[in-house]
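Participant: I'd like to ask you about the structure that follows.
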Amino acid sequence: MKAAVKNRYLILAMGMVIQLCAGIIYMWSVFKGPVSQHLSWEESSAAITSSIMLSTFVLGIIIGGRIQDKYSPSPVALAGGVLLGLGMVLSSFVPQSSPWLIYVFYGIIGGFGVGCVYTTTVSVVQKWFPDKRGFATGMMVGAFGFSLVLFAPLTKKLLTDWGVPRAFLFFGILFIVICSLCSLFLNNPEVKQQSGTPASTRKQYTTGEMLKTKEFYFLAFSMFFLLPAYFILNPLFISLGVERGLSESMATFGVMLTGIASASGRLLISWFSDFVGRKAGIATISLITLIAALVMIFAQGVLFLVCIAAIAFSFGGSASVYAATTADLFGTKHMGLNYGCVMIAFGSSALIFQLLSTVLSNTYSFIVAAAGCVITITMVAALKIPKKTGAK
């Protein structure tokens with residue numbers, strides 16, 4: 001038993017390292033300007049890359065989740081890590097004559113790879129930590145959010161000193177090596193190691209069974225309407241920060257700040273929901289986002305930084321609490337594919353609201369985001385989560 005406990009913490013650590021690499025998905029705001037300049041590409045066109053990457057990220061979660069549920073997490077994480085790195089390596093060779101290839105390499109190939117490693121690492125710790133689900137999920141996705149803090153300043157320096165091609169090449173090779181090595185440690189626990197826990201006595205829903213429940217739709221649509229504020233801001237952190245009175249260096253600091261806030265939310269909200277319940281956890285981040293989105297309409301300078309930190313904190317918290325809620329509602333046996341279906345709401349929200357923000361003014365965009373939070377609170381109130389797994 002002690003060996004199994006020790007082994008699960010090693011698996012958690014290896015998964016966190018992989019998630020740290022995969023968090024590059026949220027750094028397009030740092031890449032966007034230099035890549036646009038390098039490829040003589042309009043920034044408005046380059047901004048769509050993040051929407052494409054987030055959408056294929058969800059596709060990777062669905063397909064990767066299905067494969068790792070059926071077979072084993074290690075090869076899925078390995079393949080995902082290679083695709084993530086390969087997408088960045090190929091991006092280093094994109095010519096000025098075909099800047100749209102960034103969509104294919106960084107957005108589609110890289111995004112799909114991130115989705116594979118994300119679902120695999122989250123699902124495997126859900127199975128190893130039935131007694132500390134919020135803690136394990138928070139640690140895992142917290143590393144995903146902390147990636148911004150670690151890599152944003154390094155990325156900016158490499159882009160300045162080395163240029164876009166060499167920076168992409170460096171990160172691509174680095175991520176292939178690290179993710180490949182860490183993926184070798186990932187494996188699912190034996191079923192008997194989870195017997196006797198409250199989670200194991202719950203019904204383990206297949207995806208087909210889950211899709212027939214109203215709880216799935218309440219959960220998915222509540223996620224869809226919670227996240228617009230972050231997706232509207234994500235490609236605009238630096239440019240909008242400068243418009244709101246920040247220097248470029250302070251705006252770049254804002255990107256790092258969102259990484260710290262997101263990582264903190266991923267860790268703290270999951271723990272918080274272990275004690276007060278998942279519904280209270282989701283309601284809390286919805287209220288925080290609602291207030292921050294409304295203040296963002298007029299926020300300038302430091303207040304702008306406070307608002308984006310609050311929105312990023314809630315966004316990060318959603319990543320951990322929705323994963324834990326999915327496991328509480330539908331079990332862990334088919335967690336990979338089940339959570340992938342829930343995450344369709346994530347990808348849809350990213351795509352729809354980022355495109356919508358290009359049509360609406362910033363003011364109307366944030367009003368829409370605030371209204372979405374009201375819808376989320378209403379839907380979460382209708383959720384029925386088993387008491388024994390709704391809170392620790």
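Chain labels follow the order of the structure tokens: the first chain is A, the next B, and so on; residue numbering restarts at 1 in every chain, and ligands are counted from 1 in their shown order.
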Please provide as a PyMOL selection string all residues within 7 Å of Gly172 in chain A, with the sequence filter that same-chain residues fewer than 4 positions apart are discarded (counting only C-alpha atoms).

Facilitator: chain A and resi 85-86+88-89+168+176

Participant: Could those selected residues go to a file with N, CA and C atoms, as a compact mmCIF listing (two decimals), in the first residue's frame?

Facilitator:
# COMPACT_ATOMS: atom_id res chain seq x y z
N GLY A 85 5.25 19.25 -29.55
CA GLY A 85 6.58 19.72 -29.94
C GLY A 85 6.73 19.83 -31.45
N LEU A 86 6.17 18.86 -32.17
CA LEU A 86 6.26 18.86 -33.63
C LEU A 86 5.58 20.09 -34.22
N MET A 88 5.35 22.99 -32.94
CA MET A 88 6.20 24.16 -32.75
C MET A 88 7.44 24.10 -33.64
N VAL A 89 7.99 22.91 -33.81
CA VAL A 89 9.14 22.76 -34.70
C VAL A 89 8.76 23.15 -36.13
N PHE A 168 10.76 29.00 -31.67
CA PHE A 168 9.84 27.89 -31.90
C PHE A 168 10.60 26.56 -31.89
N ILE A 176 9.26 17.98 -26.72
CA ILE A 176 9.27 16.58 -27.16
C ILE A 176 10.07 15.72 -26.20

Participant: Considering only C-alpha atoms, return as a ChimeraX atom specification whatever protein or nucleic-acid residues lie within 9 Å of range 318-332 of chain A, sequence-local ones (same chain, fewer than 3 positions apart) excluded.

Facilitator: /A:122-123,126-127,130,133-134,137-142,199-200,202-207,210,215-216,219,223,226-227,265-267,269-271,273,278-279,281-282,285,313-315,335-336,338-339,342,384-386,388-390

Participant: Selection from above, C-alpha atoms, as a PDB file, in the first residue's frame, can you write it?

Facilitator:
ATOM      1  CA  VAL A 122      -5.974  14.788 -15.534  1.00  0.00           C
ATOM      2  CA  SER A 123      -7.754  11.459 -15.972  1.00  0.00           C
ATOM      3  CA  GLN A 126      -8.507  11.256 -10.945  1.00  0.00           C
ATOM      4  CA  LYS A 127      -8.116   7.474 -10.780  1.00  0.00           C
ATOM      5  CA  PRO A 130     -10.233   9.109  -5.375  1.00  0.00           C
ATOM      6  CA  ARG A 133      -9.740  14.375  -6.077  1.00  0.00           C
ATOM      7  CA  GLY A 134      -9.836  18.163  -5.701  1.00  0.00           C
ATOM      8  CA  THR A 137      -6.841  17.838 -10.015  1.00  0.00           C
ATOM      9  CA  GLY A 138      -5.846  21.245  -8.695  1.00  0.00           C
ATOM     10  CA  MET A 139      -2.155  20.362  -8.621  1.00  0.00           C
ATOM     11  CA  MET A 140      -2.290  18.952 -12.133  1.00  0.00           C
ATOM     12  CA  VAL A 141      -4.103  21.800 -13.850  1.00  0.00           C
ATOM     13  CA  GLY A 142      -2.316  24.313 -11.616  1.00  0.00           C
ATOM     14  CA  ALA A 199     -16.078   6.917  -5.540  1.00  0.00           C
ATOM     15  CA  SER A 200     -15.810   3.263  -6.524  1.00  0.00           C
ATOM     16  CA  ARG A 202     -20.847   5.175  -7.452  1.00  0.00           C
ATOM     17  CA  LYS A 203     -22.250   4.356 -10.878  1.00  0.00           C
ATOM     18  CA  GLN A 204     -19.575   4.578 -13.562  1.00  0.00           C
ATOM     19  CA  TYR A 205     -21.415   6.198 -16.455  1.00  0.00           C
ATOM     20  CA  THR A 206     -20.490   5.348 -20.012  1.00  0.00           C
ATOM     21  CA  THR A 207     -20.455   8.337 -22.324  1.00  0.00           C
ATOM     22  CA  MET A 210     -23.948  10.424 -19.483  1.00  0.00           C
ATOM     23  CA  GLU A 215     -26.810  17.058 -15.456  1.00  0.00           C
ATOM     24  CA  PHE A 216     -24.415  16.749 -18.382  1.00  0.00           C
ATOM     25  CA  LEU A 219     -22.697  21.248 -16.570  1.00  0.00           C
ATOM     26  CA  MET A 223     -19.034  26.079 -18.603  1.00  0.00           C
ATOM     27  CA  LEU A 226     -18.728  31.091 -17.717  1.00  0.00           C
ATOM     28  CA  LEU A 227     -15.621  31.401 -19.898  1.00  0.00           C
ATOM     29  CA  GLY A 265      -7.356  29.468  -9.134  1.00  0.00           C
ATOM     30  CA  ARG A 266      -6.743  25.949 -10.416  1.00  0.00           C
ATOM     31  CA  LEU A 267      -5.238  24.950  -7.079  1.00  0.00           C
ATOM     32  CA  ILE A 269     -10.807  26.526  -6.101  1.00  0.00           C
ATOM     33  CA  SER A 270     -10.445  22.750  -6.325  1.00  0.00           C
ATOM     34  CA  TRP A 271      -9.472  22.552  -2.658  1.00  0.00           C
ATOM     35  CA  SER A 273     -14.791  22.869  -3.583  1.00  0.00           C
ATOM     36  CA  ARG A 278     -18.588  21.787  -6.318  1.00  0.00           C
ATOM     37  CA  LYS A 279     -21.697  23.931  -6.854  1.00  0.00           C
ATOM     38  CA  GLY A 281     -17.057  26.500  -6.054  1.00  0.00           C
ATOM     39  CA  ILE A 282     -18.489  27.141  -9.521  1.00  0.00           C
ATOM     40  CA  ILE A 285     -15.856  31.892  -9.679  1.00  0.00           C
ATOM     41  CA  PHE A 313      -8.191  33.211 -11.397  1.00  0.00           C
ATOM     42  CA  SER A 314     -11.768  32.154 -12.097  1.00  0.00           C
ATOM     43  CA  PHE A 315     -10.859  30.676 -15.475  1.00  0.00           C
ATOM     44  CA  MET A 335     -13.355   9.994 -17.332  1.00  0.00           C
ATOM     45  CA  GLY A 336     -11.212  10.693 -20.394  1.00  0.00           C
ATOM     46  CA  ASN A 338     -16.696  11.939 -20.556  1.00  0.00           C
ATOM     47  CA  TYR A 339     -14.677  15.012 -19.647  1.00  0.00           C
ATOM     48  CA  VAL A 342     -17.933  18.356 -21.338  1.00  0.00           C
ATOM     49  CA  LYS A 384     -27.811  17.589  -8.484  1.00  0.00           C
ATOM     50  CA  ILE A 385     -24.425  16.335  -7.280  1.00  0.00           C
ATOM     51  CA  PRO A 386     -24.229  13.295  -4.930  1.00  0.00           C
ATOM     52  CA  LYS A 388     -20.838  12.217  -0.556  1.00  0.00           C
ATOM     53  CA  THR A 389     -18.763  13.318  -3.552  1.00  0.00           C
ATOM     54  CA  GLY A 390     -19.947  16.862  -3.909  1.00  0.00           C
TER      55      GLY A 390
END

Participant: CA of Tyr26 in chain A and CA of Gly259 in chain A, how far apart in Å?

Facilitator: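 CA of Gly259 in chain A sits 8.7 Å away from CA of Tyr26 in chain A.
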
Participant: So that I can check the surroundings of range 287-302 of chain A, please list as a VMD selection string every protein, DNA and RNA residue that reaches within 7 Å of it, counting only C-alpha atoms and ignoring chain neighbours fewer than 4 positions away.

Facilitator: chain A and resid 229 244 to 246 283 306 to 307 310 to 311 314 363 366 to 367 369 to 370 373

Participant: Let me see the file: selected residues, C-alpha atoms, as an mmCIF file, in the first residue's frame.

Facilitator:
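selection.cif was written with the following content:
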data_model
loop_
_atom_site.group_PDB
_atom_site.id
_atom_site.type_symbol
_atom_site.label_atom_id
_atom_site.label_comp_id
_atom_site.auth_asym_id
_atom_site.auth_seq_id
_atom_site.Cartn_x
_atom_site.Cartn_y
_atom_site.Cartn_z
ATOM 1 C CA ALA A 229 -14.565 36.931 -20.428
ATOM 2 C CA ARG A 244 -5.754 51.008 -21.082
ATOM 3 C CA GLY A 245 -2.704 52.993 -20.024
ATOM 4 C CA LEU A 246 -0.066 50.342 -19.318
ATOM 5 C CA ALA A 283 -20.884 29.801 -8.187
ATOM 6 C CA VAL A 306 -6.720 43.510 -11.062
ATOM 7 C CA CYS A 307 -9.612 42.641 -13.380
ATOM 8 C CA ALA A 310 -9.630 38.025 -11.262
ATOM 9 C CA ILE A 311 -10.897 36.693 -14.591
ATOM 10 C CA SER A 314 -11.768 32.154 -12.097
ATOM 11 C CA THR A 363 -17.866 47.323 -23.904
ATOM 12 C CA PHE A 366 -17.772 42.371 -21.583
ATOM 13 C CA ILE A 367 -21.495 42.950 -21.065
ATOM 14 C CA ALA A 369 -19.507 37.956 -20.749
ATOM 15 C CA ALA A 370 -21.151 39.251 -17.568
ATOM 16 C CA CYS A 373 -22.071 34.397 -15.744
#

Participant: Please report, as an MDAnalysis selection string, each residue of range 82-279 of chain A to which DSSP assigns alpha helix (DSSP H) when run on this structure's backbone.

Facilitator: chainID A and resid 82:91 101:102 111:128 133:161 164:183 198:201 207:210 214:226 228:233 237:243 248:276 278:279

Participant: CA of Ile109 in chain A to CA of Thr56 in chain A: how many Å, to one decimal?

Facilitator: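 Those two atoms sit 8.0 Å apart.
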
Participant: Between CA of Gly65 in chain A and CA of Cys116 in chain A, what is the spacing in Å?

Facilitator: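 These atoms are spaced 7.0 Å apart.
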
Participant: Near Ser239 in chain A, counting only C-alpha atoms, which residues have an atom at most 9 Å away, once you skip same-chain residues fewer than 3 positions from it, shown as an NGL selection string?

Facilitator: :A and (29 or 235-236 or 242-244 or 248 or 251)

Participant: Skipping near chain neighbours, those fewer than 3 positions away, what residues fall within 8 Å of Ser55 in chain A using only C-alpha atoms, listed as a list in words?

Facilitator: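 Neighbouring residues, sequence-local ones excluded: Ser51, Ile52, Val58, Leu59, Gly111, Gly347, Ser348, Ala350 and Leu351 of chain A.
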
Participant: Next, write the just-selected residues to a file, as a PDB file, in the first residue's frame, keeping C-alpha atoms as the atom set.

Facilitator:
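The file below, again39.pdb, is the result:
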ATOM      1  CA  SER A  51      -9.133  30.126 -31.213  1.00  0.00           C
ATOM      2  CA  ILE A  52      -8.035  27.362 -33.584  1.00  0.00           C
ATOM      3  CA  VAL A  58     -10.791  20.014 -27.170  1.00  0.00           C
ATOM      4  CA  LEU A  59     -10.694  17.586 -30.101  1.00  0.00           C
ATOM      5  CA  GLY A 111      -3.421  22.152 -30.067  1.00  0.00           C
ATOM      6  CA  GLY A 347     -13.856  24.806 -27.305  1.00  0.00           C
ATOM      7  CA  SER A 348     -17.178  26.165 -28.519  1.00  0.00           C
ATOM      8  CA  ALA A 350     -13.421  29.854 -27.175  1.00  0.00           C
ATOM      9  CA  LEU A 351     -14.301  29.890 -30.841  1.00  0.00           C
TER      10      LEU A 351
END

Participant: Do a neighbour search on Gln96 in chain A at 8 Å with only C-alpha atoms, toss out local chain neighbours closer than 6 positions, and write the hits as JSON, numbers by chain.

Facilitator: {"A": [38, 39, 40, 41]}

Participant: Which is closest to Phe105 in chain A among A:Val124, A:Ile61, A:Met53, A:Ile173, if we use only C-alpha atoms?

Facilitator: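 Nearest candidate to Phe105 in chain A out of A:Val124, A:Ile61, A:Met53, A:Ile173: A:Met53.
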